[in-house]
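Chemist: My file is work-v2.cif. It has mmCIF, C-alpha atoms:
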```cif
data_input
#
loop_
_atom_site.label_atom_id
_atom_site.label_comp_id
_atom_site.auth_asym_id
_atom_site.auth_seq_id
_atom_site.Cartn_x
_atom_site.Cartn_y
_atom_site.Cartn_z
CA MET A 1 -34.72 -13.50 -97.12
CA LEU A 2 -36.73 -11.85 -99.90
CA ASN A 3 -39.22 -10.42 -97.44
CA LYS A 4 -36.39 -8.92 -95.37
CA ILE A 5 -34.89 -7.27 -98.45
CA ASN A 6 -38.25 -5.86 -99.54
CA LEU A 7 -38.85 -4.48 -96.05
CA LYS A 8 -35.43 -2.87 -95.91
CA TYR A 9 -35.92 -0.36 -98.71
CA PRO A 10 -39.08 1.35 -97.39
CA ILE A 11 -37.41 1.73 -94.00
CA ASP A 12 -34.45 3.49 -95.64
CA MET A 13 -36.86 5.90 -97.33
CA ILE A 14 -38.66 6.55 -94.06
CA ILE A 15 -35.31 7.33 -92.43
CA VAL A 16 -34.56 10.06 -94.99
CA ILE A 17 -38.09 11.47 -94.80
CA LEU A 18 -38.05 11.65 -91.00
CA LEU A 19 -34.66 13.39 -90.92
CA SER A 20 -35.82 15.97 -93.45
CA LEU A 21 -39.18 16.70 -91.82
CA THR A 22 -37.95 16.81 -88.22
CA TYR A 23 -34.88 18.98 -88.72
CA ALA A 24 -35.12 22.20 -86.74
CA GLY A 25 -32.53 24.85 -85.90
CA ILE A 26 -29.87 24.78 -83.22
CA SER A 27 -32.21 25.94 -80.45
CA SER A 28 -34.94 23.29 -80.68
CA ASN A 29 -33.67 21.27 -77.72
CA ILE A 30 -35.84 18.37 -76.54
CA ILE A 31 -33.86 16.17 -74.11
CA LEU A 32 -30.57 17.27 -72.49
CA GLY A 33 -29.96 19.64 -75.39
CA PHE A 34 -30.53 16.97 -78.06
CA ARG A 35 -33.01 17.69 -80.83
CA ILE A 36 -35.47 15.08 -82.09
CA VAL A 37 -33.51 14.90 -85.34
CA ASP A 38 -30.31 14.19 -83.37
CA ILE A 39 -31.94 11.35 -81.44
CA LEU A 40 -33.36 9.87 -84.66
CA LEU A 41 -29.98 10.14 -86.34
CA ILE A 42 -28.18 8.31 -83.53
CA ALA A 43 -30.83 5.57 -83.54
CA PHE A 44 -30.60 5.15 -87.33
CA VAL A 45 -26.79 4.95 -87.18
CA PHE A 46 -27.05 2.02 -84.78
CA TYR A 47 -29.61 0.46 -87.14
CA LYS A 48 -27.07 0.74 -89.98
CA ILE A 49 -23.94 -0.06 -87.95
CA GLY A 50 -23.38 -3.37 -89.73
CA SER A 51 -23.38 -1.85 -93.23
CA GLY A 52 -19.59 -1.87 -93.48
CA PHE A 53 -17.25 1.13 -93.73
CA LYS A 54 -13.94 1.58 -95.52
CA PRO A 55 -10.88 2.07 -93.28
CA SER A 56 -10.18 5.45 -94.93
CA PHE A 57 -13.63 6.69 -93.95
CA LEU A 58 -13.28 5.42 -90.38
CA LEU A 59 -9.86 7.12 -90.13
CA LEU A 60 -11.41 10.39 -91.30
CA MET A 61 -14.14 10.16 -88.67
CA LEU A 62 -11.52 9.34 -86.02
CA LEU A 63 -9.56 12.47 -86.97
CA TRP A 64 -12.71 14.56 -86.66
CA ILE A 65 -13.55 13.14 -83.24
CA SER A 66 -9.95 13.68 -82.12
CA SER A 67 -10.15 17.36 -83.11
CA ILE A 68 -13.32 17.67 -80.99
CA ALA A 69 -11.59 15.95 -78.05
CA ILE A 70 -8.60 18.32 -78.17
CA SER A 71 -10.88 21.33 -78.48
CA THR A 72 -12.94 20.06 -75.53
CA TYR A 73 -9.76 19.95 -73.43
CA PHE A 74 -9.06 23.60 -74.24
CA GLY A 75 -12.70 24.48 -73.49
CA ILE A 76 -12.56 22.82 -70.08
CA LYS A 77 -9.21 24.44 -69.34
CA SER A 78 -10.58 27.92 -70.09
CA GLU A 79 -13.89 27.17 -68.31
CA ALA A 80 -15.94 27.91 -71.42
CA PRO A 81 -19.69 28.14 -70.69
CA PHE A 82 -21.18 26.14 -73.59
CA ILE A 83 -18.95 23.06 -73.83
CA LEU A 84 -21.62 20.34 -73.84
CA SER A 85 -23.71 22.18 -76.43
CA ASP A 86 -20.78 22.47 -78.83
CA VAL A 87 -19.65 18.88 -78.28
CA ARG A 88 -23.16 17.65 -79.18
CA PHE A 89 -23.38 19.63 -82.40
CA TYR A 90 -19.88 18.86 -83.61
CA THR A 91 -20.08 15.16 -82.75
CA ILE A 92 -23.46 14.74 -84.41
CA LEU A 93 -21.88 15.74 -87.74
CA ALA A 94 -19.93 12.48 -87.67
CA PHE A 95 -23.20 10.58 -87.19
CA ALA A 96 -24.68 12.43 -90.18
CA ALA A 97 -21.72 11.41 -92.35
CA PHE A 98 -21.94 7.81 -91.09
CA LEU A 99 -25.62 7.48 -91.95
CA GLY A 100 -25.33 9.23 -95.31
CA TYR A 101 -22.41 6.96 -96.17
CA ALA A 102 -24.30 3.79 -95.15
CA LEU A 103 -27.55 4.69 -96.92
CA GLY A 104 -25.82 5.98 -100.05
CA ARG A 105 -23.60 2.93 -100.57
CA LYS A 106 -25.82 0.06 -99.46
CA SER A 107 -29.40 1.18 -100.11
CA THR A 108 -31.52 1.05 -103.26
CA VAL A 109 -33.92 3.80 -102.26
CA GLN A 110 -36.44 4.77 -104.92
CA MET A 111 -35.08 8.28 -105.33
CA GLU A 112 -37.83 9.73 -107.51
CA LYS A 113 -40.55 8.46 -105.19
CA LEU A 114 -38.58 9.80 -102.24
CA TYR A 115 -38.24 13.22 -103.91
CA TYR A 116 -41.94 13.68 -104.66
CA SER A 117 -42.94 12.28 -101.26
CA LEU A 118 -40.71 14.81 -99.52
CA VAL A 119 -41.97 17.70 -101.64
CA ILE A 120 -45.61 16.86 -100.91
CA LEU A 121 -45.04 16.22 -97.20
CA THR A 122 -42.97 19.39 -96.79
CA VAL A 123 -45.70 21.49 -98.42
CA LEU A 124 -48.31 19.86 -96.17
CA PHE A 125 -46.19 20.58 -93.09
CA PHE A 126 -45.87 24.25 -94.05
CA VAL A 127 -49.60 24.53 -94.72
CA VAL A 128 -50.45 23.00 -91.33
CA ILE A 129 -47.96 25.29 -89.59
CA TYR A 130 -49.45 28.28 -91.42
CA LEU A 131 -52.91 27.29 -90.16
CA LEU A 132 -51.63 26.48 -86.66
CA PRO A 133 -48.91 29.10 -86.00
CA PHE A 134 -48.07 27.79 -82.52
CA LEU A 135 -46.37 24.81 -84.21
CA ARG A 136 -43.66 27.17 -85.49
CA THR A 137 -41.96 27.02 -82.11
CA TYR A 138 -40.84 23.45 -82.85
CA TYR A 139 -38.70 24.75 -85.69
CA VAL A 140 -37.56 28.01 -84.12
CA PRO A 141 -37.60 29.41 -80.54
CA GLY A 142 -40.54 31.60 -79.58
CA SER A 143 -38.15 34.45 -78.80
CA PHE A 144 -37.18 34.52 -82.49
CA LEU A 145 -40.77 35.09 -83.63
CA LYS A 146 -40.79 38.86 -83.36
CA ASP A 147 -39.98 41.99 -85.35
CA GLU A 148 -39.02 41.07 -88.94
CA HIS A 149 -39.75 37.35 -88.36
CA ALA A 150 -43.17 37.80 -86.76
CA ASN A 151 -45.00 36.58 -89.88
CA THR A 152 -42.39 34.15 -91.11
CA ILE A 153 -43.48 30.51 -91.28
CA TYR A 154 -40.75 28.12 -90.18
CA GLY A 155 -40.92 24.46 -91.11
CA PRO A 156 -38.89 21.51 -92.42
CA SER A 157 -35.56 22.05 -94.15
CA VAL A 158 -35.35 21.80 -97.96
CA VAL A 159 -31.69 20.69 -98.05
CA ILE A 160 -32.37 17.02 -98.85
CA ILE A 161 -35.01 17.96 -101.43
CA ASN A 162 -32.43 20.09 -103.23
CA TYR A 163 -29.92 17.24 -103.25
CA LEU A 164 -32.55 14.79 -104.51
CA TYR A 165 -33.44 17.22 -107.30
CA VAL A 166 -29.79 17.34 -108.37
CA TYR A 167 -29.62 13.53 -108.34
CA LEU A 168 -32.74 13.16 -110.50
CA VAL A 169 -31.49 15.70 -113.05
CA ILE A 170 -28.12 13.91 -113.29
CA GLN A 171 -29.89 10.55 -113.50
CA ASN A 172 -32.05 11.69 -116.42
CA ARG A 173 -31.77 15.20 -117.78
CA LYS A 174 -34.45 14.55 -120.42
CA ARG A 175 -37.30 15.04 -117.99
CA PRO A 176 -40.73 16.51 -118.77
CA ALA A 177 -41.39 20.21 -118.23
CA TYR A 178 -43.62 19.59 -115.21
CA PHE A 179 -40.64 18.16 -113.29
CA PHE A 180 -38.69 21.42 -113.54
CA LEU A 181 -41.80 23.57 -113.10
CA THR A 182 -42.77 21.68 -109.93
CA TYR A 183 -39.38 22.42 -108.38
CA LEU A 184 -39.58 26.13 -109.26
CA ILE A 185 -43.12 26.46 -107.89
CA PHE A 186 -42.05 24.62 -104.75
CA ALA A 187 -39.10 27.02 -104.31
CA LEU A 188 -41.31 30.10 -104.66
CA PHE A 189 -43.94 28.63 -102.34
CA ILE A 190 -41.38 27.92 -99.62
CA TYR A 191 -39.87 31.38 -99.99
CA SER A 192 -43.28 33.06 -99.76
CA LEU A 193 -43.66 31.57 -96.27
CA ARG A 194 -40.11 31.23 -95.04
CA ILE A 195 -38.45 34.34 -96.55
CA SER A 196 -35.10 32.55 -96.61
CA ARG A 197 -32.71 34.30 -98.95
CA GLN A 198 -30.33 31.37 -98.80
CA ASP A 199 -32.97 28.83 -99.86
CA LEU A 200 -34.26 31.11 -102.62
CA VAL A 201 -30.84 31.70 -104.20
CA ILE A 202 -29.81 28.03 -104.00
CA MET A 203 -33.07 26.73 -105.47
CA VAL A 204 -33.31 29.31 -108.27
CA LEU A 205 -29.71 28.64 -109.32
CA PHE A 206 -30.31 24.87 -109.17
CA PHE A 207 -33.36 25.38 -111.36
CA LEU A 208 -31.40 27.41 -113.93
CA TRP A 209 -28.57 24.84 -113.89
CA SER A 210 -31.04 22.00 -114.49
CA ILE A 211 -32.64 23.78 -117.44
CA PHE A 212 -29.25 24.45 -119.04
CA TYR A 213 -28.07 20.90 -118.32
CA SER A 214 -31.22 19.41 -119.88
CA VAL A 215 -30.83 21.27 -123.20
CA LYS A 216 -27.04 21.58 -123.45
CA ASP A 217 -26.88 19.26 -126.49
CA LYS A 218 -29.55 21.29 -128.29
CA LEU A 219 -28.65 24.70 -126.95
CA LYS A 220 -29.84 27.44 -129.27
CA LEU A 221 -30.09 31.21 -129.16
CA LYS A 222 -33.70 31.04 -127.95
CA HIS A 223 -32.60 29.06 -124.91
CA LEU A 224 -30.00 31.70 -124.04
CA VAL A 225 -32.61 34.42 -124.49
CA ILE A 226 -35.03 32.58 -122.18
CA GLY A 227 -32.28 32.21 -119.59
CA VAL A 228 -31.41 35.91 -119.75
CA VAL A 229 -35.11 36.86 -119.46
CA ILE A 230 -35.49 34.66 -116.36
CA LEU A 231 -32.40 36.21 -114.77
CA LEU A 232 -33.60 39.74 -115.60
CA GLY A 233 -37.03 38.92 -114.19
CA PHE A 234 -35.43 37.65 -111.00
CA ALA A 235 -33.29 40.81 -110.78
CA VAL A 236 -36.35 43.04 -111.26
CA PHE A 237 -38.16 41.07 -108.55
CA LEU A 238 -35.28 41.68 -106.16
CA TYR A 239 -35.04 45.37 -107.04
CA PHE A 240 -38.72 46.23 -106.55
CA ASN A 241 -39.44 43.85 -103.66
CA GLN A 242 -39.91 45.91 -100.50
CA ASN A 243 -39.15 43.08 -98.09
CA GLU A 244 -36.31 44.16 -95.79
CA ARG A 245 -34.45 40.87 -96.21
CA ILE A 246 -34.57 41.12 -100.01
CA GLN A 247 -33.43 44.75 -99.89
CA GLY A 248 -30.56 43.58 -97.70
CA ILE A 249 -29.18 41.63 -100.67
CA LEU A 250 -29.00 44.80 -102.77
CA ASN A 251 -27.86 47.12 -99.95
CA PRO A 252 -25.75 44.97 -97.61
CA LYS A 253 -24.29 47.94 -95.72
CA GLU A 254 -27.82 48.87 -94.62
CA ASP A 255 -28.67 45.31 -93.64
CA THR A 256 -28.42 44.82 -89.85
CA SER A 257 -27.55 41.13 -90.15
CA PHE A 258 -24.74 41.89 -92.64
CA VAL A 259 -23.25 44.57 -90.38
CA TYR A 260 -23.54 42.19 -87.42
CA ARG A 261 -21.60 39.53 -89.36
CA ILE A 262 -18.80 41.91 -90.21
CA MET A 263 -18.45 43.21 -86.64
CA SER A 264 -18.61 39.76 -85.02
CA ASN A 265 -16.07 38.34 -87.48
CA GLU A 266 -13.70 41.23 -86.77
CA ALA A 267 -14.09 40.73 -83.00
CA PHE A 268 -13.19 37.05 -83.34
CA LEU A 269 -10.21 37.66 -85.65
CA GLU A 270 -8.83 40.21 -83.19
CA LYS A 271 -9.07 37.71 -80.31
CA PHE A 272 -7.74 34.84 -82.42
CA ASP A 273 -4.74 36.88 -83.53
CA GLN A 274 -3.69 37.20 -79.88
CA ALA A 275 -4.18 33.48 -79.11
CA PRO A 276 -1.17 31.16 -78.54
CA ILE A 277 -0.04 28.92 -81.40
CA GLU A 278 -1.59 25.74 -79.97
CA LYS A 279 -5.03 27.37 -79.91
CA LYS A 280 -4.61 28.58 -83.46
CA VAL A 281 -3.91 24.99 -84.49
CA PHE A 282 -6.59 23.26 -82.39
CA GLY A 283 -9.05 26.09 -81.69
CA LEU A 284 -10.01 28.29 -78.77
CA GLY A 285 -12.02 25.38 -77.38
CA MET A 286 -15.49 23.88 -77.32
CA GLY A 287 -17.98 26.27 -75.73
CA THR A 288 -15.92 29.36 -76.51
CA SER A 289 -17.87 32.61 -76.83
CA ILE A 290 -16.88 36.05 -78.13
CA SER A 291 -18.16 39.44 -76.99
CA PHE A 292 -18.25 42.77 -78.84
CA PHE A 293 -20.08 46.09 -78.64
CA PHE A 294 -22.69 46.26 -81.43
CA ASN A 295 -24.32 49.69 -80.99
CA GLU A 296 -26.03 51.89 -78.41
CA TRP A 297 -29.38 50.14 -78.91
CA PHE A 298 -28.21 46.51 -78.69
CA GLY A 299 -25.21 47.13 -76.46
CA LYS A 300 -22.68 44.36 -75.88
CA ARG A 301 -23.38 41.12 -77.74
CA HIS A 302 -22.18 37.61 -76.86
CA PHE A 303 -22.06 34.86 -79.46
CA VAL A 304 -20.93 31.24 -79.61
CA LEU A 305 -20.86 30.96 -83.41
CA LEU A 306 -20.11 33.16 -86.40
CA ASP A 307 -22.14 33.57 -89.58
CA ASN A 308 -19.22 32.07 -91.45
CA THR A 309 -18.44 28.35 -91.35
CA PRO A 310 -14.63 28.45 -91.83
CA LEU A 311 -14.25 31.11 -89.11
CA THR A 312 -16.58 29.22 -86.76
CA LEU A 313 -14.54 26.05 -87.28
CA ILE A 314 -11.27 27.89 -86.68
CA MET A 315 -12.78 29.40 -83.55
CA LYS A 316 -13.82 26.01 -82.13
CA VAL A 317 -11.42 23.40 -83.57
CA GLY A 318 -8.66 25.49 -85.15
CA PHE A 319 -6.93 25.12 -88.49
CA TRP A 320 -6.48 21.40 -87.89
CA GLY A 321 -10.21 20.89 -87.40
CA LEU A 322 -10.96 23.01 -90.46
CA LEU A 323 -8.69 20.82 -92.62
CA VAL A 324 -10.33 17.64 -91.32
CA PHE A 325 -13.78 19.13 -91.94
CA LEU A 326 -12.85 20.00 -95.54
CA ALA A 327 -11.52 16.47 -96.03
CA MET A 328 -14.85 15.16 -94.69
CA ILE A 329 -16.72 17.23 -97.30
CA PHE A 330 -14.57 16.20 -100.25
CA TYR A 331 -14.34 12.52 -99.28
CA PRO A 332 -17.66 11.35 -100.83
CA LEU A 333 -16.96 13.29 -104.04
CA ARG A 334 -13.97 11.18 -105.05
CA GLY A 335 -14.42 9.60 -108.46
CA LEU A 336 -17.08 12.06 -109.63
CA SER A 337 -16.58 14.46 -112.53
CA TRP A 338 -15.70 18.10 -111.80
CA HIS A 339 -19.15 19.15 -112.99
CA LYS A 340 -20.90 16.87 -110.49
CA LYS A 341 -18.50 17.90 -107.72
CA LEU A 342 -19.21 21.60 -108.28
CA VAL A 343 -22.98 21.12 -108.38
CA LEU A 344 -23.01 19.03 -105.19
CA LEU A 345 -20.67 21.44 -103.41
CA PHE A 346 -22.54 24.59 -104.44
CA PRO A 347 -25.08 24.72 -101.56
CA ILE A 348 -22.33 23.85 -99.08
CA LEU A 349 -19.90 26.50 -100.34
CA PHE A 350 -22.68 29.09 -100.52
CA SER A 351 -23.67 28.34 -96.94
CA MET A 352 -20.08 28.17 -95.66
CA PHE A 353 -19.08 31.73 -96.34
CA LEU A 354 -22.35 33.48 -95.46
CA PHE A 355 -23.61 31.40 -92.55
CA SER A 356 -22.62 28.78 -90.00
CA HIS A 357 -25.67 26.67 -90.95
CA LEU A 358 -23.44 24.00 -92.45
CA ILE A 359 -22.20 22.92 -89.03
CA TYR A 360 -25.53 22.91 -87.24
CA ASN A 361 -27.76 21.69 -90.10
CA LEU A 362 -26.59 18.08 -90.29
CA LEU A 363 -28.69 17.55 -93.45
CA TYR A 364 -25.96 19.20 -95.54
CA ILE A 365 -23.40 16.55 -94.63
CA PHE A 366 -25.96 13.75 -94.68
CA GLY A 367 -27.38 14.86 -98.04
CA LEU A 368 -23.94 15.25 -99.60
CA TYR A 369 -22.85 11.73 -98.60
CA PHE A 370 -26.19 10.10 -99.40
CA VAL A 371 -26.60 11.61 -102.88
CA SER A 372 -22.90 11.42 -103.85
CA TYR A 373 -22.86 7.65 -103.31
CA GLN A 374 -26.23 7.26 -105.03
CA ILE A 375 -24.75 9.03 -108.07
CA LYS A 376 -21.77 6.66 -107.95
CA GLN A 377 -24.25 3.79 -108.06
CA LEU A 378 -25.56 5.27 -111.31
CA LYS A 379 -22.06 5.09 -112.77
CA THR A 380 -21.74 1.45 -111.68
CA SER A 381 -25.10 0.46 -113.22
CA GLU A 382 -24.18 2.12 -116.54
CA LYS A 383 -21.05 0.00 -116.97
#
```
Would you mind writing the file out in structure tokens?

Modeler:
Amino acid sequence: MLNKINLKYPIDMIIVILLSLTYAGISSNIILGFRIVDILLIAFVFYKIGSGFKPSFLLLMLLWISSIAISTYFGIKSEAPFILSDVRFYTILAFAAFLGYALGRKSTVQMEKLYYSLVILTVLFFVVIYLLPFLRTYYVPGSFLKDEHANTIYGPSVVIINYLYVYLVIQNRKRPAYFFLTYLIFALFIYSLRISRQDLVIMVLFFLWSIFYSVKDKLKLKHLVIGVVILLGFAVFLYFNQNERIQGILNPKEDTSFVYRIMSNEAFLEKFDQAPIEKKVFGLGMGTSISFFFNEWFGKRHFVLLDNTPLTLIMKVGFWGLLVFLAMIFYPLRGLSWHKKLVLLFPILFSMFLFSHLIYNLLYIFGLYFVSYQIKQLKTSEK
């Protein structure tokens, strides 16, 4: 029995590491549209199927699957072109929640070891991809590697690393300076290769939060001054940086991606406003796409998702699906303080209103469940 228990914990760590390192975007299809990370996730769920789940959690998952089933009916009825693709992505979210729930509640993963292992392995992956650029196509389609992204290095997601960082700070805020410095250097390193504005903002704000949280009992004027200097330095960096994506933050109306978001959102809202009541409640259907005229250069554009999570959910599964999705996000946060809830929700809320990444990057849901229940274990051990 002892040997089985000792073997169990390393496997749980390997599961988290594999999910983090193999995650790629929505277009990295391997078998019948499934990504490697999807196949791993399904396999790991079956491995953890006997972990035990509360009836309330199972009911929540059933409601989510039912919303997908109703939306699929509408998609088939309207002969939508991308039904199977949508069904895969929306169903896999339930698997992500299942696995995060099982690992978070029943596992005693060595979180600090897991954090540093993931940081080191992620850096190594990015270095290898930098040296062997053809490997980028695993993480993003070759057609995406042009124009402004021609020199961008795509690699593993940092979502789980961010959640592990939050856990470790909450576990022990009196950590040595190298712990915080390592995270900041890692964030800047990833940004220098990936040029992801979303990752940069999330990680810098997590870093500032962790510094404030670590000294809040001894907060003095010098700490506030240091914080202001860091923020001003970051603002100066943004202002003088000539990268088009950075300049897009400061001048959104001149940013092509921002304009595209506004126009695509307006096109959807116009179509949705004319939809019958049942489709407003349950969505336009799985596989639904929207078309709109972008400009003379790009012409008419077709899209199956919006760069806005709530609108994408309303488009696919309606207001009912959106409510169930929100319940799925808040479910693991029950019993935590408002401070912990806000910190854990921050990357999700930030992603929700600017992108649709939250739906297609299953690591957000997995990470939220996994770390939320690990934090609850901290509360139990302190009693």

Chemist: Using only C-alpha atoms, I'd like a table of the residues in segment 133-217 of chain A that come within 8 Å of segment 101-120 of chain A; for each, show the closest atom pair and its distance in Å rounded to one decimal, ordered by chain and ascending number, as a tab-separated table.

Modeler:
```
residue	atom	partner	partner_atom	distance
A:Ile161	CA	A:Tyr115	CA	6.2
A:Leu164	CA	A:Tyr115	CA	5.9
A:Tyr165	CA	A:Tyr115	CA	7.1
A:Leu168	CA	A:Glu112	CA	6.8
A:Phe186	CA	A:Val119	CA	7.6
```

Chemist: Looking at A:Met328, A:Val127, A:Ala24, A:Val281, which one is nearest to His357 of chain A, with distances taken over all atoms listed in the file?

Modeler: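 For His357 of chain A, the nearest of the given residues is A:Ala24.
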
Chemist: Name the residues in contact with Val371 of chain A at a cut-off of 9 Å, using all atoms listed in the file, excluding same-chain residues fewer than 6 positions from it; report them as a list in words.

Modeler: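 Everything that qualifies: Gly100, Gly104, Ile160, Tyr163, Leu164, Val166, Tyr167 and Leu344 of chain A.
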
Chemist: Give me, please, the distance in Å between atom CA of Asn29 of chain A and atom CA of Leu93 of chain A, quoted to one decimal.

Modeler: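 Atom CA of Leu93 of chain A lies 16.4 Å from atom CA of Asn29 of chain A.
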
Chemist: Near segment 194-206 of chain A, counting all atoms listed in the file, which residues have an atom at most 9 Å away, once you skip same-chain residues fewer than 3 positions from it, shown as a PyMOL selection string?

Modeler: chain A and resi 149+151-155+158-159+162+165-166+183-184+187-191+209-211+243+245-246+249+343+346-347+350-351+354

Chemist: What is the distance, in Å and to one decimal place, between atom CA of Gln171 of chain A and atom CA of Gln374 of chain A?

Modeler: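 Between atom CA of Gln171 of chain A and atom CA of Gln374 of chain A the gap is 9.8 Å.
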
Chemist: Kindly resolve the PyMOL selection byres ((chain A and resi 359) around 10) on the present coordinates and return the residues as a list of chain:residue names.

Modeler: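 Applied to this file, the PyMOL selection byres ((chain A and resi 359) around 10) returns A:Ile26, A:Phe89, A:Tyr90, A:Ile92, A:Leu93, A:Leu305, A:Asn308, A:Thr309, A:Pro310, A:Thr312, A:Leu313, A:Phe325, A:Ser351, A:Met352, A:Phe355, A:Ser356, A:His357, A:Leu358, A:Tyr360, A:Asn361, A:Leu362, A:Leu363, A:Tyr364, A:Ile365.
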
Chemist: Using the chain letters and numbers from the file, give me the residues hit by the PyMOL selection byres ((chain A and resi 279) around 12), as a PyMOL selection string.

Modeler: chain A and resi 67+70-75+77-78+271-278+280-286+288+314-321

Chemist: Any idea what the distance is between atom CA of Glu266 of chain A and atom CA of Phe353 of chain A?

Modeler: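 Going from atom CA of Glu266 of chain A over to atom CA of Phe353 of chain A covers 14.5 Å.
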
Chemist: Considering all atoms listed in the file, can you say which of A:Val16, A:Leu208, A:Ile375, A:Ile185 comes closest to Leu99 of chain A?

Modeler: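 The shortest atom-to-atom distance to Leu99 of chain A comes from A:Val16.
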